[in-house]
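Colleague: Below is the structure I would like to discuss, written out as structure tokens.
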Amino acid sequence: MMLCYYRFCLLSCRQIQESSIEKMNGTSVTEFLLLGLSVNPKVQIILFVIFLVVYIITLSGNIILITACVCDPCLHTAMYFFLTNLSFIDLFYSSTLVPKMLVQLIGRNRIQYSACAAQMYIFMVLACTECLLLAVMAYDRFVAISLALRYNLIMSKPVCITLATCCWVSGSLLAVLDTFFTLQVSFCDNNIIDHFFCEPSALVKIACTDSFIAEMVIFFVGGVVLLVPIFICLFSYISIIITIVGIRSAEGRYKAFSTCISHMIVITLTGGPALFMYMKPVSKKQDNQEKMVSLFYTVIPPALNPIIYSLRNRDVKKALQKLTLTNLFQY
């Protein structure tokens, strides 16, 4: 299904490319050159090994977590339904960026215009959806702790499916908006992107025409998918802290807090670097610092999320143990 979706994106982006080329006054860009993280051959080898290991950890960790949540009936709850969605996003999020990054590190750093547009769109869909989903997961924890008696009624299965669907649909629509306006700028003969993937802000930097509208759209989308979820998370966790303080037993306070700490860590890892990148004006100056910051909200979180949730979650650890023992007995 993901392959069909990727082909659909390629066809759509080719149509956008054709319409954009007509607006370039005779100039056209059919491919881009991604400079990546380094041009030093020795550093590239080291980075290739590091990111290959990170990618393997990302794939195995998220697949294991999805399998545990799907196969164990004890994890068929709202919290783990959203966690499964998050792992699915991280799985394809990483697969959209890291394989191309690995190819760049062995010297193949060219990417076709349509492939670049497709990568940007899929990246934006998954990034926007993940930010919105993290807000929904914070709300789920708020209901579980502050409104515990009504949790099963409020977070019923139809409600969970509706919330997840809203995240995906909203993420897709925002990604269309961002991608469309980014591809409306002209690049003339400048096709060198000083980045390791086709990020909207990186493409705007090499525009040879006025990119004000595209920059404002990038800023607007960043505000929607970052600030709105952050406000929801802040409200949820302030309410949770107030509830936890009112719990008399130390064991009860610890149990309530432990269900939230993993999610708080993930929000910090993802939201902090993303805020730095998107909540500031787009600069035309090439900045290596921005590429390094991008790693901390694109490549690193998908690898760490399964580890964070599994190491700090007793239910997930029990499910993984049962899954491992079941497979061992089968053999």
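Convention: chains lettered A, B, ... in structure tokens order; per-chain residue numbering from 1; ligands numbered from 1 as shown.
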Write out as a list in words the residues lying within 12 Å of Ala214 in chain A, counting only C-alpha atoms and excluding same-chain residues fewer than 5 positions away.
Modeller: Leu177, Asp178, Thr179, Phe180, Phe181, Thr182, Leu183, Gln184, Val185, Ser186, Pro200, Ser201, Ala202, Leu203, Val204, Lys205, Ala207, Thr209, Phe219, Phe220, Val221, Pro281 and Val282 of chain A
Colleague: So that I can see what lies close to Cys167 in chain A, please list as a PDB file with C-alpha atoms, in the first residue's frame the residues with an atom at most 9 Å from it, counting only C-alpha atoms and leaving out residues fewer than 2 positions away in the same chain.
Modeller:
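Final output, saved to part04.pdb:
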```pdb
ATOM      1  CA  CYS A 128       2.630  16.815  10.571  1.00  0.00           C
ATOM      2  CA  THR A 129       0.688  13.680  11.488  1.00  0.00           C
ATOM      3  CA  GLU A 130       3.224  12.718  14.168  1.00  0.00           C
ATOM      4  CA  CYS A 131       3.051  16.138  15.838  1.00  0.00           C
ATOM      5  CA  LEU A 132      -0.752  16.049  15.906  1.00  0.00           C
ATOM      6  CA  LEU A 133      -0.721  12.446  17.137  1.00  0.00           C
ATOM      7  CA  VAL A 136      -3.748  13.307  20.975  1.00  0.00           C
ATOM      8  CA  THR A 162     -11.783   9.236  14.637  1.00  0.00           C
ATOM      9  CA  LEU A 163      -8.929  11.074  16.394  1.00  0.00           C
ATOM     10  CA  ALA A 164      -6.256   9.077  14.534  1.00  0.00           C
ATOM     11  CA  THR A 165      -8.045   9.645  11.207  1.00  0.00           C
ATOM     12  CA  VAL A 169      -6.176  13.765   7.178  1.00  0.00           C
ATOM     13  CA  SER A 170      -5.026  17.054   8.721  1.00  0.00           C
ATOM     14  CA  GLY A 171      -1.375  16.088   8.245  1.00  0.00           C
ATOM     15  CA  SER A 172      -1.992  15.229   4.591  1.00  0.00           C
TER      16      SER A 172
END
```
Colleague: Would you pick out the contacts of range 55-60 of chain A at 7 Å or less, using only C-alpha atoms, so that residues sharing its chain but fewer than 5 positions from it are not included, and give the list as a ChimeraX atom specification?
Modeller: /A:91,98,302-303
Colleague: Keeping N, CA and C atoms, export the residues of the selection given above as an mmCIF file, in the first residue's frame.
Modeller:
```
data_model
loop_
_atom_site.group_PDB
_atom_site.id
_atom_site.type_symbol
_atom_site.label_atom_id
_atom_site.label_comp_id
_atom_site.auth_asym_id
_atom_site.auth_seq_id
_atom_site.Cartn_x
_atom_site.Cartn_y
_atom_site.Cartn_z
ATOM 1 N N LEU A 91 8.308 4.337 11.341
ATOM 2 C CA LEU A 91 8.844 3.323 10.433
ATOM 3 C C LEU A 91 8.987 3.887 9.021
ATOM 4 N N VAL A 98 16.252 8.085 5.397
ATOM 5 C CA VAL A 98 17.555 7.470 5.654
ATOM 6 C C VAL A 98 18.123 6.702 4.461
ATOM 7 N N PRO A 302 12.787 8.471 15.578
ATOM 8 C CA PRO A 302 12.209 7.169 15.198
ATOM 9 C C PRO A 302 12.985 5.978 15.739
ATOM 10 N N ALA A 303 14.302 6.154 15.968
ATOM 11 C CA ALA A 303 15.101 5.060 16.534
ATOM 12 C C ALA A 303 14.937 4.970 18.044
#
```
Colleague: Please give the complete set of residues from range 13-174 of chain A that DSSP, run on the backbone, assigns to strand (DSSP E or B), formatted as a list in words.
Modeller: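 Of range 13-174 of chain A, the ones in strand (DSSP E or B) are Glu31, Phe32, Leu33, Leu34, Arg110, Ile111 and Gln112 of chain A.
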Colleague: Go through A:Leu105, A:Leu75, A:Ile218, A:Val53 and flag the residue nearest Asn40 in chain A, using only C-alpha atoms for the distances.
Modeller: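 Answer, going by the shortest atom-to-atom distance: A:Leu105.
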Colleague: Tell me which protein, DNA and RNA residues are within 8 Å of range 264-273 of chain A, counting only C-alpha atoms, leaving out same-chain ones fewer than 4 positions away, and put them as a PyMOL selection string.
Modeller: chain A and resi 131+134+226+230+260+277+293-294+296-297+301+305+308
Colleague: To one decimal in Å, tell me the separation between CA of Tyr93 in chain A and CA of Ala274 in chain A.
Modeller: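 Between these atoms lies a distance of 14.7 Å.
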Colleague: Closest to Val29 in chain A among A:Gln112, A:Ser95, A:Gln119, A:Gln289, using only C-alpha atoms?
Modeller: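 Counting only C-alpha atoms, the residue closest to Val29 in chain A is A:Gln112.
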Colleague: CA of Ile145 in chain A and CA of Ile300 in chain A, how far apart in Å?
Modeller: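 Those two atoms sit 29.4 Å apart.
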Colleague: Need to verify the contact set: Ile45 in chain A, 12 Å, only C-alpha atoms, exclusion of same-chain residues closer than 5 positions in sequence. Can you return it as a short mmCIF file (atom, residue, chain, number, x, y, z; two decimals) with N, CA and C atoms, in the first residue's frame?
Modeller:
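Here's the written file part_2.cif:
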```
data_model
loop_
_atom_site.label_atom_id
_atom_site.label_comp_id
_atom_site.auth_asym_id
_atom_site.auth_seq_id
_atom_site.Cartn_x
_atom_site.Cartn_y
_atom_site.Cartn_z
N LEU A 37 25.59 15.63 4.60
CA LEU A 37 26.16 16.09 5.86
C LEU A 37 27.65 16.40 5.77
N SER A 38 28.34 15.78 4.84
CA SER A 38 29.78 16.00 4.71
C SER A 38 30.25 15.62 3.31
N VAL A 39 31.32 16.29 2.86
CA VAL A 39 31.92 15.95 1.56
C VAL A 39 33.26 15.24 1.75
N ASN A 40 33.65 15.05 3.00
CA ASN A 40 34.90 14.35 3.32
C ASN A 40 34.67 12.84 3.21
N ILE A 50 27.23 4.65 10.88
CA ILE A 50 26.41 5.11 12.00
C ILE A 50 24.92 5.10 11.63
N PHE A 51 24.59 5.70 10.46
CA PHE A 51 23.18 5.82 10.09
C PHE A 51 22.60 4.50 9.59
N LEU A 52 23.45 3.61 9.11
CA LEU A 52 22.96 2.27 8.77
C LEU A 52 22.54 1.53 10.03
N LEU A 102 21.83 7.36 2.96
CA LEU A 102 22.88 6.35 2.84
C LEU A 102 23.44 6.30 1.42
N VAL A 103 22.55 6.45 0.44
CA VAL A 103 22.99 6.47 -0.96
C VAL A 103 23.87 7.69 -1.22
N GLN A 104 23.52 8.84 -0.63
CA GLN A 104 24.33 10.05 -0.78
C GLN A 104 25.74 9.82 -0.24
N LEU A 105 25.83 9.12 0.88
CA LEU A 105 27.13 8.93 1.54
C LEU A 105 28.06 8.01 0.77
N ILE A 106 27.55 7.31 -0.25
CA ILE A 106 28.43 6.51 -1.11
C ILE A 106 28.61 7.17 -2.47
N GLY A 107 28.24 8.46 -2.55
CA GLY A 107 28.56 9.24 -3.73
C GLY A 107 27.44 9.49 -4.72
#
```
Colleague: Find the residues near range 234-245 of chain A: any atom within 12 Å, counting only C-alpha atoms, skip ones fewer than 5 places away on the same chain, and give them as a PDB file with N, CA, C and O atoms, in the first residue's frame.
Modeller:
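Written file, result.pdb:
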```
ATOM      1  N   LEU A 134       1.004  13.184  18.696  1.00  0.00           N
ATOM      2  CA  LEU A 134       1.590  13.349  20.028  1.00  0.00           C
ATOM      3  C   LEU A 134       0.673  14.173  20.927  1.00  0.00           C
ATOM      4  O   LEU A 134       0.581  13.924  22.137  1.00  0.00           O
ATOM      5  N   ALA A 135      -0.023  15.155  20.340  1.00  0.00           N
ATOM      6  CA  ALA A 135      -0.989  15.941  21.110  1.00  0.00           C
ATOM      7  C   ALA A 135      -2.168  15.071  21.546  1.00  0.00           C
ATOM      8  O   ALA A 135      -2.638  15.167  22.690  1.00  0.00           O
ATOM      9  N   VAL A 136      -2.637  14.210  20.645  1.00  0.00           N
ATOM     10  CA  VAL A 136      -3.748  13.307  20.975  1.00  0.00           C
ATOM     11  C   VAL A 136      -3.327  12.334  22.080  1.00  0.00           C
ATOM     12  O   VAL A 136      -4.112  12.031  22.987  1.00  0.00           O
ATOM     13  N   MET A 137      -2.094  11.856  22.013  1.00  0.00           N
ATOM     14  CA  MET A 137      -1.600  10.936  23.042  1.00  0.00           C
ATOM     15  C   MET A 137      -1.500  11.627  24.398  1.00  0.00           C
ATOM     16  O   MET A 137      -1.753  11.010  25.444  1.00  0.00           O
ATOM     17  N   ALA A 138      -1.127  12.919  24.404  1.00  0.00           N
ATOM     18  CA  ALA A 138      -1.101  13.675  25.660  1.00  0.00           C
ATOM     19  C   ALA A 138      -2.514  13.824  26.219  1.00  0.00           C
ATOM     20  O   ALA A 138      -2.728  13.693  27.437  1.00  0.00           O
ATOM     21  N   TYR A 139      -3.479  14.081  25.341  1.00  0.00           N
ATOM     22  CA  TYR A 139      -4.876  14.183  25.770  1.00  0.00           C
ATOM     23  C   TYR A 139      -5.362  12.847  26.333  1.00  0.00           C
ATOM     24  O   TYR A 139      -6.081  12.813  27.343  1.00  0.00           O
ATOM     25  N   ASP A 140      -4.943  11.750  25.711  1.00  0.00           N
ATOM     26  CA  ASP A 140      -5.311  10.419  26.187  1.00  0.00           C
ATOM     27  C   ASP A 140      -4.801  10.190  27.609  1.00  0.00           C
ATOM     28  O   ASP A 140      -5.508   9.664  28.464  1.00  0.00           O
ATOM     29  N   ARG A 141      -3.557  10.623  27.885  1.00  0.00           N
ATOM     30  CA  ARG A 141      -3.001  10.488  29.237  1.00  0.00           C
ATOM     31  C   ARG A 141      -3.741  11.381  30.235  1.00  0.00           C
ATOM     32  O   ARG A 141      -3.932  11.007  31.393  1.00  0.00           O
ATOM     33  N   PHE A 142      -4.165  12.566  29.778  1.00  0.00           N
ATOM     34  CA  PHE A 142      -4.936  13.466  30.640  1.00  0.00           C
ATOM     35  C   PHE A 142      -6.257  12.817  31.056  1.00  0.00           C
ATOM     36  O   PHE A 142      -6.621  12.833  32.236  1.00  0.00           O
ATOM     37  N   VAL A 143      -6.942  12.219  30.097  1.00  0.00           N
ATOM     38  CA  VAL A 143      -8.222  11.565  30.399  1.00  0.00           C
ATOM     39  C   VAL A 143      -7.990  10.359  31.306  1.00  0.00           C
ATOM     40  O   VAL A 143      -8.756  10.132  32.261  1.00  0.00           O
ATOM     41  N   ALA A 144      -6.917   9.591  31.048  1.00  0.00           N
ATOM     42  CA  ALA A 144      -6.644   8.384  31.837  1.00  0.00           C
ATOM     43  C   ALA A 144      -6.351   8.697  33.291  1.00  0.00           C
ATOM     44  O   ALA A 144      -6.694   7.909  34.192  1.00  0.00           O
ATOM     45  N   ILE A 145      -5.731   9.842  33.573  1.00  0.00           N
ATOM     46  CA  ILE A 145      -5.330  10.166  34.948  1.00  0.00           C
ATOM     47  C   ILE A 145      -6.317  11.122  35.627  1.00  0.00           C
ATOM     48  O   ILE A 145      -6.722  10.901  36.771  1.00  0.00           O
ATOM     49  N   SER A 146      -6.704  12.172  34.906  1.00  0.00           N
ATOM     50  CA  SER A 146      -7.575  13.188  35.518  1.00  0.00           C
ATOM     51  C   SER A 146      -9.050  12.819  35.469  1.00  0.00           C
ATOM     52  O   SER A 146      -9.837  13.270  36.307  1.00  0.00           O
ATOM     53  N   LEU A 147      -9.436  12.007  34.472  1.00  0.00           N
ATOM     54  CA  LEU A 147     -10.841  11.602  34.331  1.00  0.00           C
ATOM     55  C   LEU A 147     -10.922  10.076  34.258  1.00  0.00           C
ATOM     56  O   LEU A 147     -11.579   9.513  33.378  1.00  0.00           O
ATOM     57  N   ALA A 148     -10.252   9.439  35.188  1.00  0.00           N
ATOM     58  CA  ALA A 148     -10.078   7.976  35.134  1.00  0.00           C
ATOM     59  C   ALA A 148     -11.391   7.208  35.098  1.00  0.00           C
ATOM     60  O   ALA A 148     -11.519   6.199  34.388  1.00  0.00           O
ATOM     61  N   LEU A 227       2.902  24.523  17.465  1.00  0.00           N
ATOM     62  CA  LEU A 227       2.393  25.313  18.587  1.00  0.00           C
ATOM     63  C   LEU A 227       1.078  24.764  19.138  1.00  0.00           C
ATOM     64  O   LEU A 227       0.905  24.683  20.364  1.00  0.00           O
ATOM     65  N   VAL A 228       0.153  24.388  18.238  1.00  0.00           N
ATOM     66  CA  VAL A 228      -1.129  23.846  18.713  1.00  0.00           C
ATOM     67  C   VAL A 228      -0.925  22.569  19.534  1.00  0.00           C
ATOM     68  O   VAL A 228      -1.445  22.462  20.662  1.00  0.00           O
ATOM     69  N   PRO A 229      -0.160  21.570  19.040  1.00  0.00           N
ATOM     70  CA  PRO A 229       0.092  20.386  19.874  1.00  0.00           C
ATOM     71  C   PRO A 229       0.810  20.704  21.178  1.00  0.00           C
ATOM     72  O   PRO A 229       0.524  20.081  22.214  1.00  0.00           O
ATOM     73  N   ALA A 250       2.255   7.445  47.745  1.00  0.00           N
ATOM     74  CA  ALA A 250       3.451   7.662  46.932  1.00  0.00           C
ATOM     75  C   ALA A 250       3.469   6.693  45.749  1.00  0.00           C
ATOM     76  O   ALA A 250       3.886   7.052  44.637  1.00  0.00           O
ATOM     77  N   GLU A 251       2.991   5.471  45.989  1.00  0.00           N
ATOM     78  CA  GLU A 251       2.950   4.471  44.919  1.00  0.00           C
ATOM     79  C   GLU A 251       1.991   4.900  43.809  1.00  0.00           C
ATOM     80  O   GLU A 251       2.289   4.744  42.627  1.00  0.00           O
ATOM     81  N   GLY A 252       0.849   5.472  44.190  1.00  0.00           N
ATOM     82  CA  GLY A 252      -0.120   5.946  43.203  1.00  0.00           C
ATOM     83  C   GLY A 252       0.419   7.097  42.383  1.00  0.00           C
ATOM     84  O   GLY A 252       0.202   7.170  41.173  1.00  0.00           O
ATOM     85  N   ARG A 253       1.153   8.015  43.058  1.00  0.00           N
ATOM     86  CA  ARG A 253       1.747   9.146  42.342  1.00  0.00           C
ATOM     87  C   ARG A 253       2.798   8.666  41.352  1.00  0.00           C
ATOM     88  O   ARG A 253       2.876   9.147  40.219  1.00  0.00           O
ATOM     89  N   TYR A 254       3.614   7.689  41.803  1.00  0.00           N
ATOM     90  CA  TYR A 254       4.669   7.163  40.926  1.00  0.00           C
ATOM     91  C   TYR A 254       4.067   6.462  39.708  1.00  0.00           C
ATOM     92  O   TYR A 254       4.529   6.642  38.578  1.00  0.00           O
ATOM     93  N   LYS A 255       3.024   5.660  39.933  1.00  0.00           N
ATOM     94  CA  LYS A 255       2.390   4.930  38.839  1.00  0.00           C
ATOM     95  C   LYS A 255       1.771   5.883  37.823  1.00  0.00           C
ATOM     96  O   LYS A 255       1.896   5.694  36.606  1.00  0.00           O
ATOM     97  N   ALA A 256       1.121   6.948  38.312  1.00  0.00           N
ATOM     98  CA  ALA A 256       0.507   7.927  37.415  1.00  0.00           C
ATOM     99  C   ALA A 256       1.569   8.681  36.628  1.00  0.00           C
ATOM    100  O   ALA A 256       1.433   8.895  35.416  1.00  0.00           O
ATOM    101  N   PHE A 257       2.659   9.061  37.303  1.00  0.00           N
ATOM    102  CA  PHE A 257       3.710   9.824  36.640  1.00  0.00           C
ATOM    103  C   PHE A 257       4.469   8.969  35.632  1.00  0.00           C
ATOM    104  O   PHE A 257       4.864   9.449  34.563  1.00  0.00           O
ATOM    105  N   SER A 258       4.685   7.681  35.964  1.00  0.00           N
ATOM    106  CA  SER A 258       5.458   6.802  35.083  1.00  0.00           C
ATOM    107  C   SER A 258       4.764   6.552  33.751  1.00  0.00           C
ATOM    108  O   SER A 258       5.423   6.253  32.752  1.00  0.00           O
ATOM    109  N   THR A 259       3.429   6.667  33.723  1.00  0.00           N
ATOM    110  CA  THR A 259       2.711   6.472  32.467  1.00  0.00           C
ATOM    111  C   THR A 259       2.866   7.668  31.526  1.00  0.00           C
ATOM    112  O   THR A 259       2.545   7.571  30.348  1.00  0.00           O
ATOM    113  N   CYS A 260       3.371   8.781  32.051  1.00  0.00           N
ATOM    114  CA  CYS A 260       3.489  10.009  31.247  1.00  0.00           C
ATOM    115  C   CYS A 260       4.918  10.356  30.875  1.00  0.00           C
ATOM    116  O   CYS A 260       5.148  11.055  29.885  1.00  0.00           O
ATOM    117  N   ILE A 261       5.895   9.895  31.670  1.00  0.00           N
ATOM    118  CA  ILE A 261       7.268  10.343  31.487  1.00  0.00           C
ATOM    119  C   ILE A 261       7.819   9.988  30.106  1.00  0.00           C
ATOM    120  O   ILE A 261       8.534  10.780  29.488  1.00  0.00           O
ATOM    121  N   HIS A 263       6.193   9.665  27.289  1.00  0.00           N
ATOM    122  CA  HIS A 263       5.598  10.553  26.292  1.00  0.00           C
ATOM    123  C   HIS A 263       6.204  11.951  26.378  1.00  0.00           C
ATOM    124  O   HIS A 263       6.432  12.606  25.356  1.00  0.00           O
ATOM    125  N   MET A 264       6.489  12.422  27.583  1.00  0.00           N
ATOM    126  CA  MET A 264       7.102  13.735  27.767  1.00  0.00           C
ATOM    127  C   MET A 264       8.499  13.776  27.154  1.00  0.00           C
ATOM    128  O   MET A 264       8.902  14.785  26.555  1.00  0.00           O
ATOM    129  N   ILE A 267       8.095  13.961  23.301  1.00  0.00           N
ATOM    130  CA  ILE A 267       7.672  15.297  22.877  1.00  0.00           C
ATOM    131  C   ILE A 267       8.853  16.266  22.904  1.00  0.00           C
ATOM    132  O   ILE A 267       9.046  17.081  21.988  1.00  0.00           O
ATOM    133  N   THR A 268       9.680  16.174  23.944  1.00  0.00           N
ATOM    134  CA  THR A 268      10.844  17.054  24.059  1.00  0.00           C
ATOM    135  C   THR A 268      11.848  16.794  22.946  1.00  0.00           C
ATOM    136  O   THR A 268      12.380  17.733  22.338  1.00  0.00           O
TER     137      THR A 268
END
```
Colleague: Return the single residue from A:Lys157, A:Ile307, A:Ile206, A:Val54 that is closest to Tyr80 in chain A, with distances computed using only C-alpha atoms.
Modeller: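 For Tyr80 in chain A, the nearest of the candidates is A:Lys157.
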Colleague: Using DSSP assignments from the backbone, pull out every residue in range 35-204 of chain A that falls under helix (DSSP H, G or I) and give it to me as a PyMOL selection string.
Modeller: chain A and resi 41-71+73-75+78-105+113-146+148-154+157-182+200-204
Colleague: Determine the nearest neighbour of Thr96 in chain A from the options A:Met124, A:Leu173, A:Ile64, A:Ala78, counting only C-alpha atoms.
Modeller: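 The closest residue to Thr96 in chain A is A:Met124.
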Colleague: If you measure from CA of Met120 in chain A to CA of Cys198 in chain A, what distance in Å do you get, rounded to one decimal?
Modeller: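 Interatomic distance here is 5.4 Å.
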Colleague: Just checking: using only C-alpha atoms, which residue out of A:Ser94, A:Lys100, A:Phe212, A:Cys71 ends up closest to Phe48 in chain A?
Modeller: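 So, comparing all the options, the nearest one is A:Lys100.
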